[in-house]
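Take a look at the structure set out below.
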Amino acid sequence: MPDNRLTSSLTTYVHAGCCSCVSAFKPRWKRLVDNIFPDDPQDGLIKNNMEKLTFYALSSPEKLDRIGVYLAKKLSRDVSRHKHEYVFISMAALDQLLLACHAQSVNLFVESFLKMVQKLLESNEPELQVQGTQSFVKFANIEEDTASYHRRYDFFVSKFSSMCHNNNENDTWRVRLRLSGLRGLQGVVRKTVTDDLQVNIWEQQHMDKIVPSLLFNMHEGPSSSSSSQQDHQNLAKQPEEDGHPSSVAETCLRDLTCRAAFGNIKSVLKPVLSHLDLHDLWVPSTFAVRCFKIIMYSIQAQYSYVAVHMLLNHLDENTKNSPEIKQSIVEVLAECVAIAADGSIGPSVLEVFNTLLRHLRLSVDARLSQRRASKAPMKRASYLDEEQHTRFEDAIINTIGTFATILPDYQKIEIMMFIMGKIPLPTQYEHSDQDSYPIPSVNGEGDLLLQNMLLKSLLEVGTKYTTVSMATTFPISFLEPLLAISVVADAGVRLLVQYILHTLIDRHENVEKLKVITMPKDISQLDLRVEKSSRQDILFMKKNGGQLNWYLYENMRLSDNERDNFEALYCTLALLCIELGGEEVLVELVRLTLALQELARTDAKLSIPHQCAIHAVVATYLNLISQLTAIPSFCQHTQQIIEERRKHAPYLLPDVVFDEKTSTESYPSNLQVEDSLLFQQAVISEVLHSTGHDISRLNTPYVHRPSGIEYRQQTDIDAASANIEIESVSSSPSGTRKHAEEQITFESLKRALQSPTSEQDQQEIEREKRQEILEHFKSSTLDEIAAVSEQRTQKMQSRLNEILDKLSRPGSTTPPRSPPVLTPLSSPSQPVQSVPLYEMTFPELLVY
């Protein structure tokens, strides 16, 4: 027994001595690494020894790679033996060495470091995965001095993405692992996006993993219905600095989008659209709108139009999808445009609007197809489909208005003209109950629906436009088709056209004050903003006023007008008076108003409520004009007629006609309007003449032709024929020639050729004439010069009267020419009796 004890103790002594001897022969860096590990892992990293190791690494950077390999070997052994405390100590040492050393040889150390992080992430222990992620995030925040050409991050992208979808049964660990995955992805992006020599993180294979992981966690946020109450309670226990996966994912998406250059934006947006499609997240649109708001607020402003165009292309790809999904895409599009900068549409503005209008038309066609397919009474499903299409169309219209908001005004005019070009125009005429007045119709229900939708789009763009000049706002290629649509058979379409006119004509925000027909004794109660019309606006009315008057007259007499139509027509008339009411324009508007009064009095085919409505509009409009002109006698006449109507015929005033409580019993069975209840043209003419207005046009009866298509053709023909007659009057037999007619023969031509006047002779003659005129003004008195000028003026005036008298004779084949703007539709078969304008005496200063 003593021998055995001695042998055992000797063996123990020899073994300890050998170990001590082996340790003594280890390299210094190994000894320093071994010394950082305590005997009891609960004590943690030995700080003093760690400082020695760090100092040694800084002093001998060539040893960093060996230190890293040795630490990696120890960590792998501890992981396999499940000694997690020693694993944490190794990772803490690696982190400190990585933060302290920035030498060129750090790349080799980084490779060992990443292998250790990978080893931890491959473990099934949640603690080790979280620890590995934290170490990687610290590494990602370090800016390296040298680039690495061979480093790959494919494993980390895949692993962190899978951690973002972790479904651990323990709610706390599930949240922690998802947070670690999100922060790991953020670290990968931060590490690779700033270095062109690193792996291209923007490749589609990487984005297809990163972006859906972010969106998954954003959708699984506290507001999501899929989150249980238990999850919320567990989240409340998390440290505040950890945050929630939803908020962290949102931050990561912002960071990712903010770092994307022009060529990489599509790589981010494609996975977003695919994720929303695959997981049916378009309906409702709340989450999709949230995602794209984050993207639009984070993306660089000059690249924001790429997102807009990708959404438009995605809308095209979903043409055959349900209206609800397309509606959500359009709503997201509207939100993106509202956030984007002025140039968000990009260079192809018309292409954007063309895409939206195309989808609007496809929706209208789909509605019609459903109606035709179900000839039987519509079922509940059909009504729901109809409602979905309607909401989709409304969303498109709102988006068009949102697009128009960010455009400059000159492009808004182009867009309005572009939309007008898409509207089906009347191609034929149908007859209402008044056979003498055909009204334009459209081809079928589809065109009517399309007209309605496109006019709403046009109105939406018009509300975003600021009118400065009427000539700029209403080019002839836009005004003519707009007015043509204003007299179609559908009252709703006509109402939309009037609303468009209100929006574009009104420049002082008076529409809201004129929408309802009221007749105040003092219009100052309406607080209207009135400014003097510019010369350009007056010229616009001279050119297009007759056309506007024709269509307003035609609108007023259409039999299916409702209360809204009459109120809209009155508002249009009032805005023309306020915005464009020059002296000549004012007279024309009064002339049109009296013509409407005559229409209501003489046209027996109009219903009695219709006649009363016209009388009410006329009374309200003349009351407005009289107070705007501030002519006392004019105001007195209108107030007198209004008071007479209040006493004897209240059904001719707007208070009764446009009251919702008014029934057909409120109107007489046979309407006979006495002269005492009518506004008198003679009185109004005398009043305007006394204030200096030219009333020659007011005394000319207004003749309304049935067809508005003949308007411009007839106007051009009348103008051309009048010009031809004036120019050829000297050759007519009834005119006096200035020179006696000479028969042109060979001898006369020969004499003309043989006696040419040389250029010097002509210059001499002109010099003598100038000298003669100069001597005349030098030697003559002022009275003598004035007498000669007056004589020439009288001679010129008498000559002009003689020519125009010959043109106006009853036997002449050409009727007297009148301004086409004022009487565009006067019939040739009915000669117009007017006071000739040529009786005016020209001022002396205009005649030489």
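Each chain in the structure tokens gets a letter, A, B, ..., in the order shown, and its residues are numbered from 1; ligands are numbered from 1 in order too.
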Near segment 32-38 of chain A, counting only C-alpha atoms, which residues have an atom at most 12 Å away, once you skip same-chain residues fewer than 5 positions from it, shown as a ChimeraX atom specification? /A:23-24,26-27,43-57,63-64,66-75,85-94,97
Residues at most 7 Å from segment 406-416 of chain A, counting only C-alpha atoms, excluding those fewer than 3 positions away in the same chain, as a PyMOL selection string? chain A and resi 342+403+419-420+458+461+465-466+473
Hey, which of A:Ala619, A:Leu315, A:Ile773, A:Ile400 ends up closest to Leu350 of chain A? Count only C-alpha atoms.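 Selected residue with least distance to Leu350 of chain A: A:Ile400.
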Taking only C-alpha atoms into account, name the residue in A:Leu688, A:Leu774, A:Met519, A:Ile578 that is nearest to Phe658 of chain A.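 Under the stated criterion, the closest residue is A:Met519.
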When you look at Asp385 of chain A with a cut-off of 10 Å (counting only C-alpha atoms), what residues show up, excluding the ones that are within fewer than 4 positions of it in the same chain? I need them as a ChimeraX atom specification. /A:322-324,366-367,370,380-381,389-391
Polymer residues at most 12 Å from Asp603 of chain A, only C-alpha atoms, same-chain spacing of 6 or more positions, as a PyMOL selection string: chain A and resi 434+436+557-559+595-597+610-611+614+671-672
Give me, please, the distance in Å between atom CA of Leu215 of chain A and atom CA of Leu182 of chain A, quoted to one decimal.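 Atom-to-atom, atom CA of Leu215 of chain A to atom CA of Leu182 of chain A, that is 10.8 Å.
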Spatial neighbours of Ile500 of chain A, max dist 8 Å, only C-alpha atoms, sep filter under 3 positions, as a VMD selection string: chain A and resid 458 to 459 462 496 to 497 503 to 504
Save out the residues we just selected, N, CA, C and O atoms, as a PDB file, in the first residue's frame.
```pdb
ATOM      1  N   LEU A 458     -62.170  65.500 -65.691  1.00  0.00           N
ATOM      2  CA  LEU A 458     -61.846  66.849 -66.166  1.00  0.00           C
ATOM      3  C   LEU A 458     -62.158  67.889 -65.099  1.00  0.00           C
ATOM      4  O   LEU A 458     -61.393  68.838 -64.888  1.00  0.00           O
ATOM      5  N   LEU A 459     -63.264  67.712 -64.410  1.00  0.00           N
ATOM      6  CA  LEU A 459     -63.621  68.628 -63.329  1.00  0.00           C
ATOM      7  C   LEU A 459     -62.599  68.551 -62.200  1.00  0.00           C
ATOM      8  O   LEU A 459     -62.226  69.578 -61.613  1.00  0.00           O
ATOM      9  N   GLY A 462     -59.678  70.465 -63.302  1.00  0.00           N
ATOM     10  CA  GLY A 462     -60.006  71.894 -63.339  1.00  0.00           C
ATOM     11  C   GLY A 462     -59.990  72.545 -61.975  1.00  0.00           C
ATOM     12  O   GLY A 462     -59.632  73.717 -61.837  1.00  0.00           O
ATOM     13  N   LEU A 496     -72.461  68.584 -65.310  1.00  0.00           N
ATOM     14  CA  LEU A 496     -71.013  68.486 -65.121  1.00  0.00           C
ATOM     15  C   LEU A 496     -70.268  69.519 -65.966  1.00  0.00           C
ATOM     16  O   LEU A 496     -69.285  70.114 -65.518  1.00  0.00           O
ATOM     17  N   VAL A 497     -70.743  69.734 -67.199  1.00  0.00           N
ATOM     18  CA  VAL A 497     -70.101  70.731 -68.057  1.00  0.00           C
ATOM     19  C   VAL A 497     -70.213  72.118 -67.441  1.00  0.00           C
ATOM     20  O   VAL A 497     -69.247  72.904 -67.451  1.00  0.00           O
ATOM     21  N   THR A 503     -65.671  76.292 -62.590  1.00  0.00           N
ATOM     22  CA  THR A 503     -64.333  76.166 -62.024  1.00  0.00           C
ATOM     23  C   THR A 503     -63.298  76.960 -62.814  1.00  0.00           C
ATOM     24  O   THR A 503     -62.405  77.586 -62.223  1.00  0.00           O
ATOM     25  N   LEU A 504     -63.424  76.947 -64.136  1.00  0.00           N
ATOM     26  CA  LEU A 504     -62.410  77.586 -64.975  1.00  0.00           C
ATOM     27  C   LEU A 504     -62.657  79.085 -65.148  1.00  0.00           C
ATOM     28  O   LEU A 504     -61.707  79.839 -65.346  1.00  0.00           O
TER      29      LEU A 504
END
```
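Remark: for Ser158 of chain A, the closest of the candidate residues A:Leu526, A:Met207, A:Val511, A:Ile608 is A:Met207 (distances computed over only C-alpha atoms).
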